[in-house]
$ cat work29.cif   # mmCIF, C-alpha atoms
data_query
#
loop_
_atom_site.label_atom_id
_atom_site.label_comp_id
_atom_site.auth_asym_id
_atom_site.auth_seq_id
_atom_site.Cartn_x
_atom_site.Cartn_y
_atom_site.Cartn_z
CA MET A 3 -119.16 17.60 -159.52
CA THR A 4 -122.29 17.01 -157.44
CA TYR A 5 -122.18 16.28 -153.74
CA SER A 6 -123.62 12.78 -154.21
CA ILE A 7 -120.94 11.87 -156.77
CA ARG A 8 -118.18 13.23 -154.53
CA CYS A 9 -119.52 11.17 -151.63
CA ALA A 10 -119.53 8.06 -153.79
CA PHE A 11 -115.90 8.72 -154.73
CA ARG A 12 -114.89 9.00 -151.08
CA VAL A 13 -116.80 5.91 -149.93
CA ILE A 14 -115.19 3.76 -152.62
CA ALA A 15 -111.73 5.16 -151.97
CA LEU A 16 -111.95 4.57 -148.22
CA ALA A 17 -113.31 1.08 -148.70
CA SER A 18 -110.43 0.25 -151.06
CA LEU A 19 -107.87 1.45 -148.54
CA ALA A 20 -109.46 -0.64 -145.82
CA VAL A 21 -109.31 -3.96 -147.67
CA LEU A 22 -106.24 -3.74 -149.92
CA PRO A 23 -102.60 -4.15 -148.93
CA PRO A 24 -100.48 -0.97 -149.19
CA ALA A 25 -99.04 -1.82 -152.61
CA ALA A 26 -102.51 -2.33 -154.08
CA ALA A 27 -104.34 0.47 -152.30
CA ALA A 28 -103.30 3.31 -154.58
CA PRO A 29 -105.01 2.62 -157.93
CA VAL A 30 -108.53 3.90 -158.42
CA VAL A 31 -110.98 1.26 -159.61
CA ALA A 32 -112.42 2.20 -163.00
CA ALA A 33 -115.95 1.84 -161.66
CA GLN A 34 -115.19 4.67 -159.26
CA VAL A 35 -115.11 7.21 -162.08
CA ALA A 36 -117.91 5.73 -164.14
CA ALA A 37 -120.24 8.52 -162.98
CA VAL A 38 -118.28 10.95 -165.21
CA PRO A 39 -115.87 13.11 -163.21
CA ASP A 40 -115.28 16.82 -163.61
CA PRO A 41 -113.08 17.71 -166.59
CA VAL A 42 -109.46 18.24 -165.59
CA VAL A 43 -107.69 21.26 -167.10
CA PHE A 44 -103.90 21.08 -166.79
CA VAL A 45 -101.96 24.37 -166.69
CA HIS A 46 -98.19 24.14 -167.27
CA GLY A 47 -95.50 26.50 -166.05
CA TRP A 48 -92.96 28.92 -167.52
CA ASN A 49 -91.16 27.94 -170.74
CA SER A 50 -93.21 24.76 -171.09
CA ASP A 51 -96.35 23.48 -172.83
CA GLY A 52 -99.15 20.95 -172.48
CA SER A 53 -96.80 18.02 -173.10
CA THR A 54 -95.70 18.47 -169.47
CA TRP A 55 -98.83 16.54 -168.53
CA THR A 56 -98.55 13.52 -170.84
CA THR A 57 -97.59 11.09 -168.07
CA MET A 58 -100.16 12.36 -165.60
CA ALA A 59 -102.96 12.43 -168.18
CA ASP A 60 -102.12 8.86 -169.19
CA ARG A 61 -102.39 7.80 -165.55
CA PHE A 62 -105.75 9.49 -165.19
CA ARG A 63 -106.99 7.62 -168.28
CA ALA A 64 -105.68 4.34 -166.91
CA ASP A 65 -107.63 4.99 -163.71
CA GLY A 66 -110.89 5.55 -165.57
CA TRP A 67 -111.04 9.23 -166.49
CA PRO A 68 -112.46 9.57 -170.04
CA ALA A 69 -110.00 11.04 -172.53
CA ASP A 70 -112.40 13.89 -173.36
CA ARG A 71 -112.30 14.96 -169.70
CA LEU A 72 -108.53 15.58 -169.73
CA HIS A 73 -107.41 18.89 -171.29
CA ARG A 74 -103.69 19.69 -171.54
CA TRP A 75 -103.86 23.40 -172.29
CA SER A 76 -100.88 25.29 -173.80
CA TYR A 77 -100.29 29.04 -173.73
CA PRO A 78 -97.42 31.54 -174.33
CA THR A 79 -95.53 31.82 -171.06
CA SER A 80 -93.72 35.13 -171.48
CA ARG A 81 -96.83 37.27 -171.14
CA SER A 82 -98.32 38.63 -167.94
CA ASN A 83 -100.17 36.12 -165.79
CA THR A 84 -103.17 38.43 -165.91
CA THR A 85 -103.33 37.98 -169.69
CA THR A 86 -102.95 34.24 -169.30
CA ALA A 87 -105.73 34.21 -166.71
CA SER A 88 -108.13 35.79 -169.22
CA GLU A 89 -107.19 33.17 -171.81
CA LEU A 90 -107.62 30.44 -169.20
CA ALA A 91 -111.11 31.75 -168.49
CA ARG A 92 -112.00 31.31 -172.16
CA GLU A 93 -110.48 27.84 -172.24
CA ILE A 94 -112.46 26.74 -169.19
CA ASP A 95 -115.67 28.10 -170.69
CA ARG A 96 -114.90 26.14 -173.86
CA VAL A 97 -114.32 22.93 -171.87
CA LEU A 98 -117.51 23.38 -169.88
CA ALA A 99 -119.54 24.00 -173.03
CA ALA A 100 -118.01 21.00 -174.79
CA THR A 101 -118.51 18.59 -171.91
CA GLY A 102 -121.72 19.89 -170.38
CA ALA A 103 -120.03 19.97 -166.96
CA SER A 104 -120.69 22.71 -164.44
CA GLN A 105 -117.17 22.79 -162.97
CA VAL A 106 -113.61 21.75 -163.77
CA ASP A 107 -110.66 20.65 -161.68
CA LEU A 108 -107.47 22.66 -162.25
CA VAL A 109 -104.10 20.92 -161.95
CA THR A 110 -101.19 23.34 -162.27
CA HIS A 111 -97.41 23.19 -162.24
CA SER A 112 -95.06 25.98 -161.26
CA MET A 113 -96.10 29.38 -162.72
CA GLY A 114 -99.38 27.85 -163.91
CA GLY A 115 -100.60 28.20 -160.36
CA LEU A 116 -100.39 32.00 -160.53
CA SER A 117 -102.57 32.69 -163.57
CA SER A 118 -105.10 30.14 -162.34
CA ARG A 119 -105.21 31.75 -158.89
CA TYR A 120 -105.75 35.13 -160.55
CA TYR A 121 -108.62 33.59 -162.50
CA LEU A 122 -110.20 32.23 -159.32
CA LYS A 123 -109.79 35.45 -157.36
CA ASN A 124 -110.42 38.17 -159.93
CA LEU A 125 -112.28 36.70 -162.90
CA ALA A 126 -115.14 34.92 -161.12
CA GLY A 127 -113.47 31.57 -161.74
CA ASP A 128 -114.30 30.27 -158.29
CA ALA A 129 -117.82 29.24 -159.33
CA LYS A 130 -116.43 27.14 -162.19
CA VAL A 131 -113.69 25.29 -160.29
CA ASP A 132 -114.20 22.47 -157.82
CA ALA A 133 -110.59 21.54 -156.94
CA TRP A 134 -107.43 23.59 -157.59
CA VAL A 135 -104.02 21.93 -157.36
CA SER A 136 -100.62 23.67 -157.31
CA LEU A 137 -97.53 21.52 -157.86
CA ALA A 138 -94.39 23.47 -156.94
CA GLY A 139 -96.09 26.81 -157.50
CA PRO A 140 -94.16 30.02 -156.67
CA ASN A 141 -97.17 31.38 -154.81
CA HIS A 142 -95.05 33.84 -152.84
CA GLY A 143 -92.30 34.22 -155.41
CA THR A 144 -88.93 32.66 -156.10
CA GLY A 145 -85.44 34.04 -156.53
CA ALA A 146 -85.04 31.98 -159.70
CA ALA A 147 -87.31 34.49 -161.43
CA TYR A 148 -84.50 37.06 -161.33
CA TRP A 149 -82.68 34.92 -163.89
CA CYS A 150 -85.35 35.08 -166.57
CA GLY A 151 -87.00 37.98 -168.36
CA GLY A 152 -90.40 39.11 -169.50
CA ALA A 153 -93.56 40.15 -167.72
CA SER A 154 -94.33 36.74 -166.26
CA CYS A 155 -90.87 36.35 -164.73
CA ALA A 156 -91.03 39.81 -163.18
CA GLU A 157 -94.35 38.83 -161.60
CA MET A 158 -92.79 35.74 -160.00
CA ARG A 159 -90.14 37.74 -158.15
CA PRO A 160 -90.71 38.03 -154.39
CA GLY A 161 -92.51 41.23 -153.48
CA SER A 162 -93.77 41.95 -156.99
CA ALA A 163 -96.90 44.05 -157.29
CA PHE A 164 -98.64 41.08 -158.92
CA LEU A 165 -97.89 38.72 -156.03
CA ASN A 166 -98.70 41.32 -153.39
CA GLU A 167 -102.14 41.80 -154.89
CA LEU A 168 -102.70 38.08 -155.47
CA ASN A 169 -101.84 37.21 -151.85
CA ALA A 170 -103.63 40.14 -150.22
CA GLY A 171 -106.45 39.12 -147.92
CA ASP A 172 -107.73 35.57 -148.32
CA GLU A 173 -105.18 33.42 -150.17
CA THR A 174 -107.80 30.75 -150.94
CA PRO A 175 -110.98 32.70 -151.67
CA GLY A 176 -114.39 31.31 -152.49
CA THR A 177 -115.70 27.76 -152.30
CA ALA A 178 -113.14 25.97 -154.48
CA ARG A 179 -110.89 23.43 -152.75
CA TYR A 180 -107.21 24.38 -152.73
CA ALA A 181 -104.19 22.08 -152.36
CA THR A 182 -100.44 22.51 -152.83
CA TRP A 183 -97.47 20.16 -153.09
CA ARG A 184 -93.88 21.22 -152.39
CA SER A 185 -90.42 19.67 -152.00
CA SER A 186 -87.29 20.63 -150.09
CA CYS A 187 -85.31 19.47 -153.16
CA ASP A 188 -87.23 21.63 -155.67
CA GLY A 189 -84.22 23.77 -156.59
CA ILE A 190 -86.27 26.29 -158.59
CA VAL A 191 -89.03 27.47 -156.26
CA THR A 192 -87.15 28.46 -153.14
CA PRO A 193 -87.72 28.61 -150.29
CA GLU A 194 -90.16 25.71 -150.42
CA GLU A 195 -92.52 27.59 -148.09
CA SER A 196 -93.30 29.91 -150.99
CA VAL A 197 -95.67 27.23 -152.25
CA VAL A 198 -97.78 27.11 -149.08
CA LEU A 199 -101.12 28.92 -149.01
CA ASP A 200 -103.24 29.76 -145.98
CA GLY A 201 -106.47 27.78 -146.18
CA ALA A 202 -105.10 25.12 -148.53
CA LEU A 203 -104.21 21.49 -147.95
CA ASN A 204 -100.41 21.83 -148.06
CA THR A 205 -98.34 18.67 -148.63
CA ARG A 206 -94.58 18.15 -148.61
CA THR A 207 -93.44 15.45 -151.02
CA SER A 208 -90.35 13.28 -151.00
CA CYS A 209 -87.14 14.77 -152.41
CA LEU A 210 -88.35 15.87 -155.86
CA GLN A 211 -86.76 18.28 -158.28
CA HIS A 212 -88.96 20.97 -159.76
CA THR A 213 -89.65 19.29 -163.09
CA ALA A 214 -90.40 15.90 -161.51
CA PHE A 215 -93.74 16.83 -159.95
CA PRO A 216 -95.95 16.17 -163.01
CA THR A 217 -94.44 12.71 -163.58
CA ASP A 218 -93.99 11.42 -160.03
CA ALA A 219 -96.27 8.45 -159.32
CA ALA A 220 -96.82 9.24 -155.63
CA VAL A 221 -97.75 12.86 -156.37
CA TYR A 222 -100.17 11.66 -159.05
CA GLN A 223 -101.92 9.30 -156.64
CA GLN A 224 -102.33 12.05 -154.05
CA VAL A 225 -103.62 14.52 -156.63
CA ARG A 226 -106.01 11.94 -158.06
CA ASP A 227 -107.41 11.11 -154.64
CA TYR A 228 -107.73 14.78 -153.71
CA ILE A 229 -109.67 15.57 -156.88
CA ALA A 230 -111.94 12.59 -156.32
CA ALA A 231 -112.66 13.43 -152.68
CA ALA A 232 -115.85 15.08 -151.49
CA GLY A 233 -115.84 18.87 -151.28
CA ARG A 234 -115.26 20.69 -148.04
#

$ encode --input "work29.cif" --output "structure tokens"
Amino acid sequence: MTYSIRCAFRVIALASLAVLPPAAAAPVVAAQVAAVPDPVVFVHGWNSDGSTWTTMADRFRADGWPADRLHRWSYPTSRSNTTTASELAREIDRVLAATGASQVDLVTHSMGGLSSRYYLKNLAGDAKVDAWVSLAGPNHGTGAAYWCGGASCAEMRPGSAFLNELNAGDETPGTARYATWRSSCDGIVTPEESVVLDGALNTRTSCLQHTAFPTDAAVYQQVRDYIAAAGR
């Protein structure tokens, strides 16, 4: 997304907040996204698929995002996150070629944040991503991963070699914008501070369970506005 388009997004959003009452301030006016936004690639978590994002994608469409700019990607979740990251790289290249865009926005839930972070850090994905969003991501591991099996679960366990490498040095490398959302009521990713990344915009939500993040209206509005905002 170009700087001029991002600035236009922010100006319109701020103007809307200034003149509308609180109940009406949230929706994005369709004209705001008429300049063709970055494609959004949604990355689900463990034991899930692209249907996780049906509600959020519908809300993006209602707020003016073209349907061909919303990509609910599905992948096998039992494999290593490094393998998934390579497949995500191919999917993003496909989306960029199909849309003619230069960058995508990545919206991830749970374990989807790990493969996408690996892509950004180790597979030169940073140049192809404007905004990266992690909803309830086990960025520093979760004890719940001891209760499931397979390579991806082992990688989500606190102190795993995968997480140690992923979090070594700069946790938010490159020029992409990073943001996380977490809840004290998550119940799956615990402690909630596991989600937080140095250098990211880190937001605590209301009391949401782990699976509620992709369908919560308030989280959607915050994610939408973050994606639409001008780059740092």

$ atom_distance --input "work29.cif" --atom1 "atom CA of Trp134 of chain A" --atom2 "atom CA of Tyr77 of chain A"
18.5 Å

$ closest_residue --input "work29.cif" --among "A:Ala156, A:Ala91, A:Ile190, A:Val38" --to "Gly66 of chain A" --atoms "only C-alpha atoms"
A:Val38

$ resolve_selection --input "work29.cif" --expression "the PyMOL selection byres ((chain A and resi 70) around 10)" --output "PyMOL selection string"
chain A and resi 41-42+63+67-69+71-73+97+100-101

$ atom_distance --input "work29.cif" --atom1 "atom CA of Ala178 of chain A" --atom2 "atom CA of Ala219 of chain A"
24.8 Å

$ atom_distance --input "work29.cif" --atom1 "atom CA of Ser82 of chain A" --atom2 "atom CA of Thr207 of chain A"
29.1 Å

$ residues_around --input "work29.cif" --residues "Ser208 of chain A" --least-positions-apart "6" --cutoff "10 Å" --atoms "only C-alpha atoms" --output "MDAnalysis selection string"
chainID A and resid 184:187 218 220:221

$ closest_residue --input "work29.cif" --among "A:Asn141, A:Asn166, A:Thr54, A:Ser118" --to "Ser76 of chain A" --atoms "all atoms listed in the file"
A:Thr54
